[in-house]
file input_31.cif (mmCIF, C-alpha atoms)
data_work
#
loop_
_atom_site.label_atom_id
_atom_site.label_comp_id
_atom_site.auth_asym_id
_atom_site.auth_seq_id
_atom_site.Cartn_x
_atom_site.Cartn_y
_atom_site.Cartn_z
CA ALA A 50 17.94 14.52 25.27
CA ALA A 51 20.38 15.18 28.11
CA VAL A 52 20.89 11.44 28.59
CA ALA A 53 21.27 10.63 24.88
CA PRO A 54 25.05 11.24 24.64
CA ASP A 55 25.63 8.69 27.40
CA TYR A 56 23.15 6.14 26.08
CA GLY A 57 25.81 3.81 24.74
CA SER A 58 26.68 2.32 21.41
CA TYR A 59 23.09 1.69 20.41
CA SER A 60 21.46 3.71 17.69
CA VAL A 61 17.80 4.00 18.56
CA GLU A 62 15.26 6.33 17.04
CA ILE A 63 11.73 6.79 18.30
CA LEU A 64 8.94 6.80 15.74
CA ALA A 65 5.58 8.00 17.07
CA GLU A 66 2.52 7.22 14.99
CA ILE A 67 -0.53 9.40 14.64
CA ASN A 68 -3.10 6.64 14.12
CA ASN A 69 -6.04 7.06 11.75
CA ALA A 70 -4.81 10.47 10.64
CA PRO A 71 -7.39 10.73 7.80
CA LYS A 72 -10.12 10.84 10.45
CA LEU A 73 -8.51 13.76 12.32
CA ALA A 74 -8.66 17.49 11.70
CA ARG A 75 -5.40 18.99 10.43
CA ALA A 76 -5.06 21.07 13.61
CA GLU A 77 -5.35 17.89 15.68
CA ILE A 78 -2.70 16.15 13.58
CA ARG A 79 -0.35 19.11 14.03
CA ALA A 80 -0.98 19.32 17.78
CA THR A 81 -0.31 15.60 18.16
CA ALA A 82 2.87 15.84 16.08
CA ASP A 83 4.10 18.77 18.21
CA TYR A 84 3.36 16.78 21.38
CA PHE A 85 5.19 13.69 20.08
CA ARG A 86 8.21 15.74 19.03
CA ALA A 87 8.33 17.52 22.40
CA SER A 88 8.12 14.10 24.06
CA GLY A 89 11.23 12.86 22.25
CA ALA A 90 10.03 11.35 18.99
CA ASP A 91 12.58 11.47 16.19
CA LEU A 92 10.08 10.70 13.43
CA ILE A 93 6.40 11.51 13.24
CA ASP A 94 4.52 8.77 11.42
CA ILE A 95 1.31 9.64 9.63
CA GLY A 96 -0.86 6.54 10.01
CA CYS A 97 -3.30 6.21 7.14
CA THR A 98 -6.51 4.20 7.40
CA PRO A 99 -7.18 1.49 4.80
CA GLY A 100 -10.17 2.39 2.67
CA VAL A 101 -10.43 5.95 4.00
CA PRO A 102 -9.29 8.61 1.51
CA PHE A 103 -6.76 11.16 2.77
CA PRO A 104 -6.65 13.98 0.21
CA ASP A 105 -4.72 16.24 2.64
CA LEU A 106 -1.87 13.76 3.16
CA GLY A 107 0.65 15.64 1.04
CA ALA A 108 -0.25 18.95 2.68
CA VAL A 109 0.05 17.43 6.17
CA VAL A 110 3.48 15.97 5.41
CA ARG A 111 4.65 19.28 3.91
CA GLU A 112 3.42 21.23 6.94
CA LEU A 113 5.26 18.97 9.38
CA ARG A 114 8.44 19.05 7.28
CA GLU A 115 8.28 22.86 7.14
CA ALA A 116 8.05 22.82 10.95
CA GLY A 117 11.35 20.92 10.99
CA MET A 118 9.96 17.47 11.70
CA ARG A 119 11.08 14.22 10.16
CA VAL A 120 8.04 12.41 8.76
CA SER A 121 7.14 8.88 7.75
CA VAL A 122 3.94 7.46 6.30
CA ASP A 123 2.20 4.24 7.29
CA SER A 124 0.19 3.02 4.31
CA PHE A 125 0.07 0.14 1.85
CA ASP A 126 -1.67 2.29 -0.75
CA PRO A 127 0.78 3.23 -3.54
CA ALA A 128 -1.02 6.53 -4.26
CA GLU A 129 -0.82 7.61 -0.61
CA ILE A 130 2.82 6.57 -0.47
CA ARG A 131 3.66 8.56 -3.59
CA SER A 132 1.84 11.63 -2.27
CA ALA A 133 3.64 11.49 1.09
CA VAL A 134 7.08 10.88 -0.43
CA GLU A 135 6.61 13.71 -2.93
CA ALA A 136 5.77 15.99 0.03
CA GLY A 137 8.93 14.99 1.94
CA ALA A 138 8.28 11.78 3.87
CA GLU A 139 11.58 10.00 4.47
CA LEU A 140 10.30 6.55 5.39
CA VAL A 141 7.45 4.31 4.20
CA LEU A 142 5.81 1.78 6.51
CA SER A 143 5.48 -0.81 5.11
CA VAL A 144 6.25 -2.73 1.93
CA ASN A 145 5.85 -6.36 0.96
CA SER A 146 4.70 -8.12 -2.20
CA SER A 147 1.28 -6.43 -1.96
CA ASN A 148 2.71 -2.98 -2.79
CA PHE A 149 6.32 -3.69 -3.71
CA GLU A 150 6.16 -1.85 -7.04
CA VAL A 151 6.19 1.47 -5.15
CA ALA A 152 9.49 0.55 -3.46
CA ARG A 153 11.23 0.30 -6.82
CA GLU A 154 10.18 3.89 -7.54
CA LEU A 155 12.21 5.03 -4.53
CA ALA A 156 15.50 3.90 -6.08
CA GLY A 157 17.94 6.78 -6.08
CA THR A 158 15.94 8.84 -3.56
CA ASP A 159 16.61 9.54 0.11
CA CYS A 160 13.36 7.83 1.11
CA GLY A 161 13.61 4.42 2.72
CA VAL A 162 11.11 1.67 3.44
CA VAL A 163 10.23 -0.72 6.21
CA VAL A 164 10.08 -4.19 4.71
CA ILE A 165 7.77 -6.75 6.32
CA PRO A 166 6.94 -10.39 5.53
CA ASP A 167 4.15 -11.10 3.10
CA PHE A 168 0.84 -11.50 4.91
CA GLY A 169 0.57 -14.96 6.44
CA ALA A 170 4.03 -15.92 5.17
CA GLY A 171 7.42 -16.46 6.75
CA LEU A 172 10.83 -14.85 6.78
CA ASP A 173 11.77 -16.21 3.35
CA THR A 174 9.57 -13.55 1.79
CA LEU A 175 11.70 -10.96 3.59
CA ASP A 176 14.83 -12.43 2.02
CA ARG A 177 13.40 -11.99 -1.48
CA SER A 178 12.27 -8.45 -0.74
CA ILE A 179 15.60 -7.45 0.81
CA GLU A 180 17.50 -8.81 -2.18
CA ALA A 181 15.37 -6.66 -4.49
CA LEU A 182 15.73 -3.55 -2.31
CA GLU A 183 19.50 -3.96 -2.24
CA ARG A 184 19.58 -4.48 -6.02
CA TRP A 185 17.50 -1.30 -6.47
CA LYS A 186 19.62 0.56 -3.88
CA VAL A 187 16.60 1.45 -1.74
CA ARG A 188 17.37 2.10 1.93
CA TYR A 189 15.42 -0.21 4.24
CA LEU A 190 14.68 -1.30 7.79
CA ILE A 191 13.51 -4.84 8.54
CA ASP A 192 10.37 -5.45 10.59
CA PRO A 193 9.69 -9.15 11.19
CA ILE A 194 6.54 -8.01 13.11
CA ILE A 195 6.36 -8.30 16.88
CA GLU A 196 3.31 -10.07 18.27
CA PRO A 197 1.45 -9.30 21.50
CA ILE A 198 2.30 -11.19 24.65
CA GLY A 199 0.30 -14.40 24.65
CA PHE A 200 -0.10 -14.35 20.86
CA GLY A 201 3.34 -15.41 19.64
CA PHE A 202 5.52 -12.83 21.37
CA MET A 203 8.48 -15.15 21.98
CA ALA A 204 8.42 -16.51 18.43
CA SER A 205 8.42 -12.95 17.12
CA LEU A 206 11.52 -12.10 19.20
CA GLU A 207 13.16 -15.15 17.67
CA ARG A 208 12.32 -13.77 14.19
CA TYR A 209 14.08 -10.50 15.07
CA THR A 210 17.12 -12.46 16.22
CA GLU A 211 17.13 -14.57 13.06
CA MET A 212 16.88 -11.52 10.80
CA HIS A 213 19.77 -9.92 12.69
CA ARG A 214 21.82 -13.07 12.07
CA ARG A 215 21.01 -12.97 8.36
CA TYR A 216 21.49 -9.21 7.95
CA PRO A 217 23.76 -8.01 10.80
CA ALA A 218 24.34 -4.56 9.26
CA ALA A 219 20.65 -3.86 8.58
CA GLY A 220 18.56 -1.74 10.89
CA GLN A 221 15.32 -3.08 12.30
CA LEU A 222 12.03 -1.50 13.25
CA MET A 223 10.06 -2.87 16.17
CA GLY A 224 6.49 -1.64 16.35
CA ILE A 225 5.94 -1.96 20.07
CA GLY A 226 2.36 -0.76 19.74
CA ASN A 227 1.41 -4.43 19.52
CA ILE A 228 2.87 -4.83 23.02
CA THR A 229 1.69 -1.61 24.64
CA GLU A 230 -1.84 -1.73 23.25
#

call {"tool": "encode", "arguments": {"input": "input_31.cif", "output": "structure tokens"}}
result
Amino acid sequence: AAVAPDYGSYSVEILAEINNAPKLARAEIRATADYFRASGADLIDIGCTPGVPFPDLGAVVRELREAGMRVSVDSFDPAEIRSAVEAGAELVLSVNSSNFEVARELAGTDCGVVVIPDFGAGLDTLDRSIEALERWKVRYLIDPIIEPIGFGFMASLERYTEMHRRYPAAGQLMGIGNITE
């Protein structure tokens, strides 16, 4: 935090994900969120697990918000997304054509989305999604998806550069977990 004012003209926020949150006890989720926040995370991301119900999701998001944390949710499931947003999540990871109907519901709210390419498809699917999000006035970040080193890393950096060329004013999200894992 002491270095942040001198960091430069870049606007960087750190999002720390609590992976597989539905499989964790609420106390463990809270302890991990507190640790991430103390370590410098700006947003605490609640990572849902496909196919694993998370009935406490709304309560978890509410608890973290009441503790003064900014919260996002990582899920493709529209019901989980709705529950988290209703409880105060400010960002949804991620949307594409598989769950895009939920993004339209966020029009006029303060909640934004991270838009990713359709599975197995190219950047053109991002263009279509971004056009719709702008038409609906839904705040978004672009994530062209970074690949691990040795598995398309350089091509993924080129995708980030290309999306910046196409949308120079748009923010981007880079999930570096693919690199660090």

call {"tool": "closest_residue", "arguments": {"input": "input_31.cif", "among": "A:Leu113, A:Asn145, A:Tyr189, A:Ala204", "to": "A:Ala218", "atoms": "only C-alpha atoms"}}
result
A:Tyr189

call {"tool": "residues_around", "arguments": {"input": "input_31.cif", "residues": "A:Ile179", "least_positions_apart": "5", "cutoff": "10 Å", "atoms": "all atoms listed in the file", "output": "list in words"}}
result
Asn145, Val164, Ile165, Asp173, Thr174, Arg184, Trp185, Val187, Arg188, Tyr189, Leu190, Ile191, Tyr216 and Ala219 of chain A

call {"tool": "residues_around", "arguments": {"input": "input_31.cif", "residues": "A:Ala128", "least_positions_apart": "2", "cutoff": "12 Å", "atoms": "only C-alpha atoms", "output": "list in words"}}
result
Cys97, Pro102, Phe103, Pro104, Leu106, Gly107, Val122, Ser124, Phe125, Asp126, Ile130, Arg131, Ser132, Ala133, Val134, Glu135, Asn148, Glu150, Val151 and Glu154 of chain A

call {"tool": "closest_residue", "arguments": {"input": "input_31.cif", "among": "A:Ala65, A:Ala74, A:Leu140, A:Leu206", "to": "A:Ala152", "atoms": "only C-alpha atoms"}}
result
A:Leu140

call {"tool": "resolve_selection", "arguments": {"input": "input_31.cif", "expression": "the PyMOL selection byres ((chain A and resi 159) around 9)", "output": "PyMOL selection string"}}
result
chain A and resi 139-140+155-158+160-161+187-188

call {"tool": "resolve_selection", "arguments": {"input": "input_31.cif", "expression": "the PyMOL selection byres ((chain A and resi 63) around 12)", "output": "PDB file with C-alpha atoms, in the coordinates of the input"}}
result
ATOM      1  CA  SER A  60      21.460   3.710  17.690  1.00  0.00           C
ATOM      2  CA  VAL A  61      17.800   4.000  18.560  1.00  0.00           C
ATOM      3  CA  GLU A  62      15.260   6.330  17.040  1.00  0.00           C
ATOM      4  CA  LEU A  64       8.940   6.800  15.740  1.00  0.00           C
ATOM      5  CA  ALA A  65       5.580   8.000  17.070  1.00  0.00           C
ATOM      6  CA  GLU A  66       2.520   7.220  14.990  1.00  0.00           C
ATOM      7  CA  PHE A  85       5.190  13.690  20.080  1.00  0.00           C
ATOM      8  CA  ARG A  86       8.210  15.740  19.030  1.00  0.00           C
ATOM      9  CA  ALA A  87       8.330  17.520  22.400  1.00  0.00           C
ATOM     10  CA  SER A  88       8.120  14.100  24.060  1.00  0.00           C
ATOM     11  CA  GLY A  89      11.230  12.860  22.250  1.00  0.00           C
ATOM     12  CA  ALA A  90      10.030  11.350  18.990  1.00  0.00           C
ATOM     13  CA  ASP A  91      12.580  11.470  16.190  1.00  0.00           C
ATOM     14  CA  LEU A  92      10.080  10.700  13.430  1.00  0.00           C
ATOM     15  CA  ILE A  93       6.400  11.510  13.240  1.00  0.00           C
ATOM     16  CA  ASP A  94       4.520   8.770  11.420  1.00  0.00           C
ATOM     17  CA  ARG A 119      11.080  14.220  10.160  1.00  0.00           C
ATOM     18  CA  VAL A 120       8.040  12.410   8.760  1.00  0.00           C
ATOM     19  CA  SER A 121       7.140   8.880   7.750  1.00  0.00           C
ATOM     20  CA  LEU A 222      12.030  -1.500  13.250  1.00  0.00           C
ATOM     21  CA  MET A 223      10.060  -2.870  16.170  1.00  0.00           C
ATOM     22  CA  GLY A 224       6.490  -1.640  16.350  1.00  0.00           C
ATOM     23  CA  ILE A 225       5.940  -1.960  20.070  1.00  0.00           C
TER      24      ILE A 225
END
